[in-house]
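Next comes my_file-v5.txt, a file with compact mmCIF, C-alpha atoms.
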```txt
# COMPACT_ATOMS: atom_id res chain seq x y z
CA VAL A 1 83.40 213.74 154.34
CA PHE A 2 86.98 214.71 155.27
CA TRP A 3 88.20 211.91 157.52
CA PHE A 4 87.33 208.76 155.57
CA PRO A 5 89.40 209.71 152.48
CA VAL A 6 92.25 211.08 154.64
CA LEU A 7 92.35 207.86 156.67
CA ALA A 8 92.38 205.88 153.42
CA LEU A 9 95.38 207.93 152.28
CA ALA A 10 97.03 207.14 155.62
CA ALA A 11 96.41 203.42 154.95
CA MET A 12 98.31 203.83 151.69
CA VAL A 13 101.22 205.36 153.61
CA LEU A 14 101.01 202.54 156.14
CA PHE A 15 101.67 199.97 153.39
CA ARG A 16 104.34 201.93 151.56
CA LEU A 17 107.81 200.46 152.03
CA PRO A 18 110.02 203.35 153.19
CA GLU A 19 112.63 204.68 150.76
CA THR A 20 115.42 203.69 153.12
CA LEU A 21 114.44 200.04 152.86
CA LEU A 22 114.02 200.37 149.10
CA LEU A 23 117.58 201.68 148.92
CA LEU A 24 118.78 198.72 151.00
CA ARG A 25 116.88 196.44 148.63
CA LEU A 26 118.86 197.87 145.72
CA GLN A 27 122.03 196.94 147.56
CA ASP A 28 120.64 193.44 148.21
CA LEU A 29 120.04 193.10 144.47
CA GLY A 30 123.66 193.90 143.69
CA VAL A 31 123.65 197.64 142.98
CA ALA A 32 127.02 198.98 144.06
CA VAL A 33 126.88 201.23 147.12
CA PRO A 34 128.49 204.23 145.33
CA LEU A 35 125.74 204.08 142.67
CA ILE A 36 122.82 204.07 145.12
CA PRO A 37 122.85 207.86 145.80
CA LEU A 38 122.86 208.44 142.02
CA VAL A 39 119.91 206.08 141.55
CA TRP A 40 118.10 207.81 144.41
CA ALA A 41 118.73 211.17 142.74
CA GLY A 42 117.40 209.65 139.51
CA LEU A 43 114.18 208.72 141.31
CA HIS A 44 113.73 212.39 142.21
CA VAL A 45 114.37 213.42 138.60
CA VAL A 46 111.61 211.02 137.48
CA ARG A 47 109.38 212.35 140.25
CA SER A 48 109.97 215.93 139.08
CA PHE A 49 109.24 215.12 135.43
CA VAL A 50 106.05 213.24 136.32
CA SER A 51 104.72 215.89 138.72
CA TYR A 52 103.36 218.17 136.00
CA PRO A 53 101.61 215.40 134.05
CA GLY A 54 100.37 214.03 137.39
CA GLY A 55 98.84 217.43 138.18
CA TRP A 56 97.31 217.55 134.71
CA LEU A 57 95.78 214.10 135.23
CA THR A 58 94.40 215.21 138.58
CA ASP A 59 92.78 218.24 136.96
CA HIS A 60 91.27 216.15 134.17
CA LEU A 61 90.49 212.82 135.82
CA GLY A 62 90.20 213.82 139.46
CA PRO A 63 92.22 212.81 142.48
CA ARG A 64 90.42 209.49 143.02
CA GLY A 65 91.73 207.81 139.88
CA THR A 66 95.12 209.49 139.96
CA VAL A 67 95.87 208.40 143.54
CA ALA A 68 94.64 204.89 142.68
CA ALA A 69 96.97 204.80 139.67
CA GLY A 70 99.85 205.87 141.92
CA GLY A 71 98.98 203.18 144.48
CA LEU A 72 98.88 200.49 141.83
CA ALA A 73 102.14 201.76 140.33
CA PHE A 74 103.76 201.46 143.75
CA ALA A 75 102.36 197.94 144.15
CA GLY A 76 103.68 196.92 140.73
CA PHE A 77 107.17 198.34 141.13
CA GLY A 78 107.32 197.19 144.75
CA ALA A 79 106.41 193.65 143.70
CA LEU A 80 109.14 193.75 141.06
CA LEU A 81 111.65 194.78 143.71
CA GLY A 82 110.55 191.78 145.74
CA LEU A 83 111.87 189.45 143.05
CA HIS A 84 115.43 188.48 142.19
CA LEU A 85 116.25 191.01 139.47
CA SER A 86 119.25 191.91 137.40
CA ILE A 87 120.92 195.16 138.38
CA PRO A 88 119.54 197.15 135.40
CA LEU A 89 116.01 195.87 136.03
CA ALA A 90 116.28 196.62 139.77
CA ILE A 91 117.37 200.19 138.97
CA THR A 92 114.55 200.57 136.44
CA ALA A 93 111.95 199.31 138.93
CA PHE A 94 113.30 201.67 141.59
CA LEU A 95 113.20 204.63 139.18
CA GLY A 96 109.61 203.64 138.33
CA LEU A 97 108.71 204.45 141.91
CA GLY A 98 109.23 208.10 140.94
CA LEU A 99 105.92 207.80 139.08
CA VAL A 100 104.16 207.23 142.38
CA ALA A 101 104.99 210.61 143.90
CA GLY A 102 104.39 212.34 140.59
CA LEU A 103 100.92 210.85 140.37
CA THR A 104 99.83 211.00 143.99
CA GLU A 105 101.19 214.17 145.57
CA SER A 106 99.25 216.65 143.45
CA ALA A 107 96.11 214.55 143.67
CA GLU A 108 96.29 214.17 147.45
CA ARG A 109 96.79 217.87 148.00
CA SER A 110 94.05 218.75 145.55
CA LEU A 111 91.65 216.47 147.40
CA VAL A 112 92.54 217.89 150.82
CA ALA A 113 91.99 221.44 149.52
CA ARG A 114 88.59 220.42 148.12
CA LEU A 115 87.51 218.57 151.26
CA ALA A 116 88.50 221.42 153.59
CA PRO A 117 87.77 224.59 151.59
CA LYS A 118 86.98 226.84 154.57
CA ARG A 119 89.66 225.49 156.91
CA THR A 120 92.31 224.55 154.38
CA GLY A 121 95.25 225.11 156.73
CA ARG A 122 93.70 222.92 159.39
CA GLY A 123 92.82 220.33 156.73
CA PHE A 124 96.42 220.13 155.52
CA GLY A 125 97.66 220.00 159.09
CA ALA A 126 95.37 217.07 159.85
CA TYR A 127 96.31 215.33 156.58
CA HIS A 128 100.04 215.64 157.24
CA ALA A 129 99.66 214.63 160.89
CA VAL A 130 97.67 211.49 160.06
CA THR A 131 99.85 210.39 157.15
CA GLY A 132 103.01 211.23 159.12
CA LEU A 133 101.81 209.12 162.03
CA ALA A 134 101.11 206.24 159.63
CA ALA A 135 104.69 206.37 158.34
CA LEU A 136 106.17 205.46 161.73
CA PRO A 137 104.52 202.04 162.16
CA ALA A 138 105.13 201.39 158.46
CA ALA A 139 108.85 201.98 158.88
CA THR A 140 109.06 199.91 162.07
CA GLY A 141 106.92 197.06 160.81
CA PHE A 142 108.54 196.78 157.40
CA GLY A 143 111.97 197.22 159.00
CA ALA A 144 111.29 194.25 161.29
CA LEU A 145 109.94 192.22 158.37
CA TYR A 146 112.96 193.16 156.24
CA GLN A 147 115.36 192.17 158.99
CA GLY A 148 113.55 188.95 159.87
CA LEU A 149 112.47 187.60 156.48
CA GLY A 150 114.47 189.62 153.98
CA GLY A 151 114.01 192.51 151.61
CA GLY A 152 112.14 190.53 148.98
CA THR A 153 109.48 189.47 151.47
CA ALA A 154 109.12 193.02 152.80
CA ALA A 155 108.74 194.41 149.27
CA LEU A 156 106.15 191.80 148.31
CA ALA A 157 104.21 192.35 151.55
CA SER A 158 104.24 196.10 150.91
CA ALA A 159 102.99 195.57 147.35
CA ALA A 160 100.15 193.31 148.52
CA GLY A 161 99.17 195.75 151.27
CA MET A 162 99.22 198.62 148.79
CA VAL A 163 96.77 196.83 146.51
CA ILE A 164 94.39 196.40 149.44
CA ALA A 165 94.89 200.01 150.56
CA THR A 166 94.22 201.20 146.99
CA LEU A 167 90.94 199.28 146.95
CA VAL A 168 90.01 200.89 150.28
CA TRP A 169 90.94 204.25 148.76
CA LEU A 170 88.61 203.68 145.81
CA VAL A 171 85.74 203.04 148.23
CA ALA A 172 86.62 205.98 150.49
CA ALA A 173 87.44 208.67 147.94
CA PRO A 174 84.63 210.89 146.74
CA PRO A 175 83.94 210.10 143.05
CA GLY A 176 83.89 213.76 142.02
CA GLY A 177 87.11 214.61 143.84
CA GLY A 178 85.39 216.20 146.80
CA GLU A 179 83.69 218.96 144.82
```
Now, as a test, write the supplied structure out as structure tokens.
Amino acid sequence: VFWFPVLALAAMVLFRLPETLLLLRLQDLGVAVPLIPLVWAGLHVVRSFVSYPGGWLTDHLGPRGTVAAGGLAFAGFGALLGLHLSIPLAITAFLGLGLVAGLTESAERSLVARLAPKRTGRGFGAYHAVTGLAALPAATGFGALYQGLGGGTAALASAAGMVIATLVWLVAAPPGGGE
């Protein structure tokens, strides 16, 4: 009951293009280097504003649908960043990625707490260990792809992988949110 959904969440991390490469992609698309830290800060402002509504959605719709919405949002904005965009559209797509964390973080944590109610600490430890371990090959693999074939290709590959991982998530996640 616990491991299948947690491994599906790890698959979503595995296909998520790391923020560092997303920031480099902004530079590739023409965003001036001095503006990139401001855009990155803007992403965290969006993330903060979306966190409360994301938690509300999790409480009302359950973590399954909310995490899936976050995965598809990442795929959509990631695919946009894989294209040749104007600077304002590139910044807008990057800021849209703030929706992902706002939608998924509350839902993921809610699910872990529901799946491991008696050993919640151990459940969160396992969740963070597995998703953290998935981030390393994601960073290395997408970094190599970015360096070899370019940022657009890496972003599009990440978006395609995220769609697949989201479908796996929908199969793996308990329909009632683990209750």
Would you kindly return, as a short mmCIF file (atom, residue, chain, number, x, y, z; two decimals) with C-alpha atoms, keeping the file's coordinate frame, each protein, DNA or RNA residue with an atom no farther than 12 Å from any atom of A:Val100, considering only C-alpha atoms and excluding same-chain residues fewer than 3 positions away?
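Output file out.cif is given in full below:
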```
data_model
loop_
_atom_site.label_atom_id
_atom_site.label_comp_id
_atom_site.auth_asym_id
_atom_site.auth_seq_id
_atom_site.Cartn_x
_atom_site.Cartn_y
_atom_site.Cartn_z
CA MET A 12 98.31 203.83 151.69
CA VAL A 13 101.22 205.36 153.61
CA ARG A 16 104.34 201.93 151.56
CA LEU A 43 114.18 208.72 141.31
CA HIS A 44 113.73 212.39 142.21
CA VAL A 46 111.61 211.02 137.48
CA ARG A 47 109.38 212.35 140.25
CA SER A 48 109.97 215.93 139.08
CA PHE A 49 109.24 215.12 135.43
CA VAL A 50 106.05 213.24 136.32
CA SER A 51 104.72 215.89 138.72
CA PRO A 53 101.61 215.40 134.05
CA GLY A 54 100.37 214.03 137.39
CA THR A 66 95.12 209.49 139.96
CA VAL A 67 95.87 208.40 143.54
CA ALA A 68 94.64 204.89 142.68
CA ALA A 69 96.97 204.80 139.67
CA GLY A 70 99.85 205.87 141.92
CA GLY A 71 98.98 203.18 144.48
CA LEU A 72 98.88 200.49 141.83
CA ALA A 73 102.14 201.76 140.33
CA PHE A 74 103.76 201.46 143.75
CA ALA A 75 102.36 197.94 144.15
CA GLY A 76 103.68 196.92 140.73
CA PHE A 77 107.17 198.34 141.13
CA GLY A 78 107.32 197.19 144.75
CA ALA A 93 111.95 199.31 138.93
CA PHE A 94 113.30 201.67 141.59
CA LEU A 95 113.20 204.63 139.18
CA GLY A 96 109.61 203.64 138.33
CA LEU A 97 108.71 204.45 141.91
CA LEU A 103 100.92 210.85 140.37
CA THR A 104 99.83 211.00 143.99
CA GLU A 105 101.19 214.17 145.57
CA SER A 106 99.25 216.65 143.45
CA ALA A 107 96.11 214.55 143.67
CA GLU A 108 96.29 214.17 147.45
CA MET A 162 99.22 198.62 148.79
#
```
Q: Could you check which of A:Ala160, A:Pro34, A:Ala173, A:Arg109 is closest to A:Gly121, using all atoms listed in the file?
A: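 The closest residue to A:Gly121 is A:Arg109.
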Q) Which of these residues is nearest to A:Pro175, using all atoms listed in the file: A:Leu83, A:Gly62, A:Arg122, A:Ala144? A) A:Gly62
Q.
Just to confirm, what's the straight-line distance from atom CA of A:Leu9 to atom CA of A:Ala126 in Å (one decimal)?
A.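 Separation of atom CA of A:Leu9 and atom CA of A:Ala126: 11.9 Å.
Across the model, the gap from atom CA of A:Gly161 to atom CA of A:Leu14 is 8.6 Å.
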Q: State, in Å with one decimal place, the distance from atom CA of A:His84 to atom CA of A:Thr166.
A: 25.2 Å
Q.
Residues near A:Gly151, anyone? I mean within 12 Å using all atoms listed in the file, not counting same-chain ones fewer than 2 positions away, as a PyMOL selection string.
A. chain A and resi 17-18+20-29+78-84+142-149+153-158
Q: Would you please work out which residue, of A:Leu7, A:Leu57, A:Val1, A:Ala172, is nearest to A:Leu133 when using only C-alpha atoms?
A: A:Leu7
Q | Pick from A:Ala101, A:Ala159, A:Val6, A:Ala41, whichever lies nearest to A:Ala129 using all atoms listed in the file | A |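 Going through A:Ala101, A:Ala159, A:Val6, A:Ala41 one by one, the smallest distance to A:Ala129 is for A:Val6.
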(Q) So, with all atoms listed in the file as the atoms that count, which of A:Leu111, A:Val33, A:Leu85, A:Ala134 lies closest to A:Gly55? (A)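 Distance minimum relative to A:Gly55 lands on A:Leu111.
Each of A:Ser110, A:Trp3, A:Ile36, A:Ala10 was compared to A:Gly132 using all atoms listed in the file, and A:Ala10 turns out to be the nearest.
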